[in-house]
Amino acid sequence: MTSMLDRIKKNAAALGKTVVLCEGEDKRVVEAAAQISKEGIAKVVLVGNVDECKKVAPDVDLSGVTVVDPLTSEKTAVYANILYEARKAKGMTPELALEAAKDRTMFGALMLKAGDVDGYVSGACHSTANTLRPGLQVIKTAPGTDIVSSCFVMIAPESGNKYCKDGAFVFADCALNICPTSEQLAEIAVSSAATAKSIAGIEPKVAMLSFSTKGSGNDAKFADTVSKVRESVRIAHEIAPDLELDGEFQFDAALVPAVAAIKAPDSRTAGNANVFVFPDINAGNIGYKIAERLGGFVAVGPICQGFAKPLNDLSRGCSVEDIVLTVAVTALQSGALNNR
Ligand SMILES: CC(C)(COP(=O)(O)OP(=O)(O)OC[C@H]1O[C@@H](n2cnc3c(N)ncnc32)[C@H](O)[C@@H]1OP(=O)(O)O)[C@@H](O)C(=O)NCCC(=O)NCCS
């Protein structure tokens, strides 16, 4: 477990990326900024007021960190113009844009849009919706993708897990899209496979999950639920023909070779999957928490995927170490997007 987390940080450090942390008013964020800079994981821009940062974390040495205050920065007007141009068709005015650009999360998203940083991390003291909306509004999705989604890299406990040969699984979408359509599920699968490769370093074998395995729950009463997942398999094969992906599977049929042999004997993915795509946020959110709390897996994320440039959302209960790791993941995503 430790080795995968260390590898993520080491690989991030090798890229020399710059990441903006938008919440200079939060002690954990200020401490993380100093640690990230000291360990060389990334260069950090902290959005906030220098005096306020020193007040919330008086013992922290911020000498390696750039602190930018949207209320006094000469860049705020430049960013406001970028925001105006990006949103004028949606009713944005120059005056509203100038006001909005002073907001720290929007300022961070605009820094990313302008190319002044390589990635964005926020959410230690803001909700998911408030953290991601600036990104959804101005960064938008990557070419070829219509949806921003999220996944967790689930790292197996140190004692090991007999089904987890690669040391990690990927679970999606457990945190962002409430009830994806077939098309959206297919895109979530393709994005999650890319994240499995770039962040966890595993060769993806994707299972599209359901309460049904290959038609076992195909009662007319549940047709909508099962056919949504089945259709997503068809679409995913169309958009990513080389990706190993199959379904619909129950979780045990996707994971356990003996169950797969009975329930889906013709599928090479059944019993072998390492990327699990849940049919909606209810299933996904409950699923990852069961793996975390009962299975002893460490959940890294939610990792946002599908943005044109990397943005990530922290949990409000995050620790300094969680912030450090999220910045490392963000730097790796920037590297992966540049290599596309
Ligand atoms: C992410 C989330 C905030 C988006 O909320 P929303 O209400 O759809 O946001 P908005 O309507 O303001 O949309 C903002 C823009 O983002 C776009 N957008 C919203 N969701 C998107 C997605 N998943 N992918 C791509 N674009 C998206 C909208 O189309 C809109 O674009 P536009 O303004 O240019 O037309 C919402 O899906 C959400 O709250 N999800 C649950 C998050 C949560 O609570 N998680 C906690 C569990 S851990």
# chains A, B, ... in the order shown; residues from 1 in each chain; ligands from 1
>>> residues_around(residues="region 273-275 of chain A", least_positions_apart="3", cutoff="10 Å", atoms="only C-alpha atoms", output="MDAnalysis selection string")
chainID A and resid 151:154 163:172 189 192:193 195:196 202:208 244:246 251 253:257 268:270 278
>>> write_last_selection(atoms="C-alpha atoms", output="CSV table (one decimal), in the first residue's frame")
chain,number,residue,atom,x,y,z
A,151,CYS,CA,-13.3,7.5,-9.6
A,152,PHE,CA,-11.5,6.2,-6.6
A,153,VAL,CA,-8.2,4.2,-6.8
A,154,MET,CA,-8.8,1.6,-4.1
A,163,TYR,CA,-8.5,-11.0,-5.7
A,164,CYS,CA,-6.5,-7.8,-6.0
A,165,LYS,CA,-3.5,-9.0,-8.0
A,166,ASP,CA,-2.3,-5.5,-9.1
A,167,GLY,CA,-2.5,-4.0,-5.5
A,168,ALA,CA,-5.3,-1.7,-6.5
A,169,PHE,CA,-8.8,-1.5,-8.1
A,170,VAL,CA,-10.6,1.5,-9.6
A,171,PHE,CA,-14.2,2.2,-8.7
A,172,ALA,CA,-16.4,4.7,-10.6
A,189,ALA,CA,-15.7,3.4,-18.2
A,192,SER,CA,-11.7,5.2,-15.6
A,193,ALA,CA,-9.6,2.8,-17.6
A,195,THR,CA,-7.0,6.7,-14.9
A,196,ALA,CA,-6.3,3.1,-13.9
A,202,ILE,CA,-2.6,-1.1,-13.8
A,203,GLU,CA,-3.7,-2.6,-17.2
A,204,PRO,CA,-7.5,-2.0,-17.1
A,205,LYS,CA,-10.0,-4.8,-17.3
A,206,VAL,CA,-13.4,-3.1,-17.0
A,207,ALA,CA,-16.6,-4.6,-15.5
A,208,MET,CA,-19.9,-2.8,-16.0
A,244,GLU,CA,-11.0,-5.0,-22.3
A,245,LEU,CA,-14.5,-4.4,-21.0
A,246,ASP,CA,-17.6,-6.5,-20.5
A,251,PHE,CA,-19.8,-7.7,-8.5
A,253,ALA,CA,-19.1,-12.4,-11.2
A,254,ALA,CA,-16.8,-9.6,-12.1
A,255,LEU,CA,-14.3,-10.3,-9.3
A,256,VAL,CA,-14.3,-14.0,-8.4
A,257,PRO,CA,-13.1,-16.6,-11.0
A,268,ARG,CA,-12.6,-13.2,-20.3
A,269,THR,CA,-13.2,-10.1,-18.2
A,270,ALA,CA,-15.5,-11.9,-15.7
A,278,PHE,CA,-21.3,1.2,-10.9
>>> residues_near_ligand(ligand="ligand 1", cutoff="8 Å", atoms="only C-alpha atoms and all ligand atoms", output="number ranges by chain")
A: 87, 90, 127-138, 140-141, 146-149, 174-178, 281, 285, 302, 306-307, 315
>>> residues_around(residues="Val327 (chain A)", least_positions_apart="5", cutoff="12 Å", atoms="only C-alpha atoms", output="ChimeraX atom specification")
/A:8-13,16-22,29,32-33,35-37,40-45,118-122,300-301,303,310-314,320-322,332-334
>>> write_last_selection(atoms="N, CA and C atoms", output="compact mmCIF listing (two decimals), in the first residue's frame")
# COMPACT_ATOMS: atom_id res chain seq x y z
N ILE A 8 3.21 7.21 -6.48
CA ILE A 8 2.43 8.31 -7.04
C ILE A 8 3.15 9.64 -6.77
N LYS A 9 3.63 9.82 -5.54
CA LYS A 9 4.30 11.09 -5.19
C LYS A 9 5.64 11.22 -5.94
N LYS A 10 6.36 10.12 -6.03
CA LYS A 10 7.68 10.15 -6.69
C LYS A 10 7.50 10.47 -8.19
N ASN A 11 6.55 9.82 -8.81
CA ASN A 11 6.31 10.07 -10.24
C ASN A 11 5.85 11.50 -10.48
N ALA A 12 5.04 12.02 -9.55
CA ALA A 12 4.60 13.41 -9.67
C ALA A 12 5.79 14.36 -9.58
N ALA A 13 6.66 14.10 -8.62
CA ALA A 13 7.82 14.99 -8.40
C ALA A 13 8.68 15.08 -9.66
N GLY A 16 7.66 17.96 -12.25
CA GLY A 16 7.88 19.39 -11.99
C GLY A 16 6.69 20.28 -12.34
N LYS A 17 5.47 19.81 -12.04
CA LYS A 17 4.27 20.58 -12.37
C LYS A 17 3.98 21.65 -11.30
N THR A 18 3.12 22.60 -11.68
CA THR A 18 2.67 23.64 -10.74
C THR A 18 1.17 23.46 -10.50
N VAL A 19 0.79 23.41 -9.23
CA VAL A 19 -0.62 23.18 -8.89
C VAL A 19 -1.11 24.31 -7.99
N VAL A 20 -2.33 24.79 -8.27
CA VAL A 20 -2.91 25.84 -7.43
C VAL A 20 -3.78 25.20 -6.35
N LEU A 21 -3.58 25.64 -5.11
CA LEU A 21 -4.45 25.27 -3.98
C LEU A 21 -5.25 26.53 -3.65
N CYS A 22 -6.58 26.42 -3.72
CA CYS A 22 -7.40 27.65 -3.69
C CYS A 22 -7.77 28.14 -2.30
N VAL A 29 -4.56 23.20 4.37
CA VAL A 29 -4.12 23.51 3.00
C VAL A 29 -2.77 24.24 3.05
N ALA A 32 -0.16 21.73 3.94
CA ALA A 32 0.10 20.85 2.79
C ALA A 32 0.94 21.58 1.74
N ALA A 33 0.63 22.86 1.52
CA ALA A 33 1.38 23.64 0.52
C ALA A 33 2.87 23.63 0.85
N GLN A 35 4.47 21.47 2.75
CA GLN A 35 5.02 20.10 2.65
C GLN A 35 5.28 19.70 1.19
N ILE A 36 4.33 20.02 0.32
CA ILE A 36 4.46 19.67 -1.11
C ILE A 36 5.69 20.35 -1.69
N SER A 37 5.85 21.63 -1.32
CA SER A 37 6.98 22.39 -1.83
C SER A 37 8.30 21.82 -1.28
N GLY A 40 9.20 18.62 -2.84
CA GLY A 40 9.42 18.73 -4.29
C GLY A 40 8.39 17.99 -5.13
N ILE A 41 7.20 17.72 -4.56
CA ILE A 41 6.17 16.97 -5.30
C ILE A 41 5.60 17.82 -6.43
N ALA A 42 5.47 19.11 -6.18
CA ALA A 42 5.02 20.07 -7.21
C ALA A 42 5.38 21.46 -6.73
N LYS A 43 5.33 22.42 -7.66
CA LYS A 43 5.40 23.82 -7.23
C LYS A 43 3.98 24.21 -6.85
N VAL A 44 3.84 25.03 -5.81
CA VAL A 44 2.50 25.35 -5.34
C VAL A 44 2.21 26.84 -5.41
N VAL A 45 1.02 27.17 -5.95
CA VAL A 45 0.49 28.52 -5.82
C VAL A 45 -0.68 28.42 -4.85
N ASP A 118 -0.64 24.11 -13.81
CA ASP A 118 -0.95 22.87 -14.54
C ASP A 118 -2.13 22.10 -13.95
N GLY A 119 -2.51 22.44 -12.72
CA GLY A 119 -3.61 21.70 -12.09
C GLY A 119 -4.21 22.50 -10.95
N TYR A 120 -5.39 22.07 -10.51
CA TYR A 120 -6.19 22.80 -9.50
C TYR A 120 -6.68 21.83 -8.45
N VAL A 121 -6.51 22.19 -7.18
CA VAL A 121 -7.05 21.37 -6.09
C VAL A 121 -7.75 22.29 -5.09
N SER A 122 -8.99 21.95 -4.74
CA SER A 122 -9.75 22.73 -3.78
C SER A 122 -10.76 21.80 -3.11
N VAL A 300 -8.28 6.40 -2.60
CA VAL A 300 -7.61 7.63 -3.06
C VAL A 300 -8.56 8.33 -4.03
N GLY A 301 -9.05 9.47 -3.65
CA GLY A 301 -9.98 10.20 -4.51
C GLY A 301 -11.03 10.91 -3.70
N ILE A 303 -11.06 11.11 -7.69
CA ILE A 303 -10.19 11.68 -8.72
C ILE A 303 -11.11 12.08 -9.87
N PRO A 310 -6.50 19.21 -15.45
CA PRO A 310 -6.88 18.52 -14.22
C PRO A 310 -7.33 19.41 -13.06
N LEU A 311 -8.52 19.09 -12.55
CA LEU A 311 -9.06 19.73 -11.34
C LEU A 311 -9.48 18.61 -10.40
N ASN A 312 -9.19 18.78 -9.11
CA ASN A 312 -9.65 17.78 -8.16
C ASN A 312 -10.26 18.41 -6.92
N ASP A 313 -11.20 17.64 -6.36
CA ASP A 313 -12.00 18.07 -5.22
C ASP A 313 -11.58 17.29 -3.99
N LEU A 314 -11.29 18.00 -2.89
CA LEU A 314 -10.95 17.33 -1.63
C LEU A 314 -12.21 17.07 -0.83
N VAL A 320 -3.92 16.65 5.99
CA VAL A 320 -2.82 17.27 5.23
C VAL A 320 -2.27 16.25 4.22
N GLU A 321 -2.12 15.00 4.67
CA GLU A 321 -1.57 13.97 3.78
C GLU A 321 -2.50 13.73 2.57
N ASP A 322 -3.82 13.79 2.78
CA ASP A 322 -4.78 13.64 1.67
C ASP A 322 -4.56 14.75 0.63
N LEU A 332 0.16 14.18 -11.90
CA LEU A 332 0.24 13.03 -12.82
C LEU A 332 -0.80 13.14 -13.93
N GLN A 333 -2.01 13.60 -13.57
CA GLN A 333 -3.04 13.77 -14.61
C GLN A 333 -2.61 14.79 -15.64
N SER A 334 -1.95 15.85 -15.18
CA SER A 334 -1.47 16.86 -16.13
C SER A 334 -0.47 16.24 -17.10
>>> atom_distance(atom1="CA of Val117 (chain A)", atom2="CA of Asn81 (chain A)")
17.5 Å
>>> select_by_dssp(residues="region 214-287 of chain A", states="strand (DSSP E or B)", output="PyMOL selection string")
chain A and resi 244-249+275-277
>>> residues_around(residues="Leu185 (chain A)", least_positions_apart="4", cutoff="8 Å", atoms="only C-alpha atoms", output="mmCIF file with C-alpha atoms, in the first residue's frame")
data_model
loop_
_atom_site.group_PDB
_atom_site.id
_atom_site.type_symbol
_atom_site.label_atom_id
_atom_site.label_comp_id
_atom_site.auth_asym_id
_atom_site.auth_seq_id
_atom_site.Cartn_x
_atom_site.Cartn_y
_atom_site.Cartn_z
ATOM 1 C CA PRO A 180 -25.599 8.405 -15.681
ATOM 2 C CA THR A 181 -27.183 7.380 -18.964
ATOM 3 C CA ALA A 189 -15.713 3.420 -18.188
ATOM 4 C CA VAL A 229 -25.862 -1.166 -18.353
ATOM 5 C CA SER A 232 -23.336 1.001 -22.068
ATOM 6 C CA VAL A 277 -18.150 0.876 -13.090
ATOM 7 C CA PRO A 279 -24.660 1.909 -12.480
#
>>> residues_around(residues="Ser216 (chain A)", least_positions_apart="4", cutoff="9 Å", atoms="only C-alpha atoms", output="count of residues only")
3
>>> atom_distance(atom1="CA of Ile239 (chain A)", atom2="CA of Asn338 (chain A)")
21.0 Å
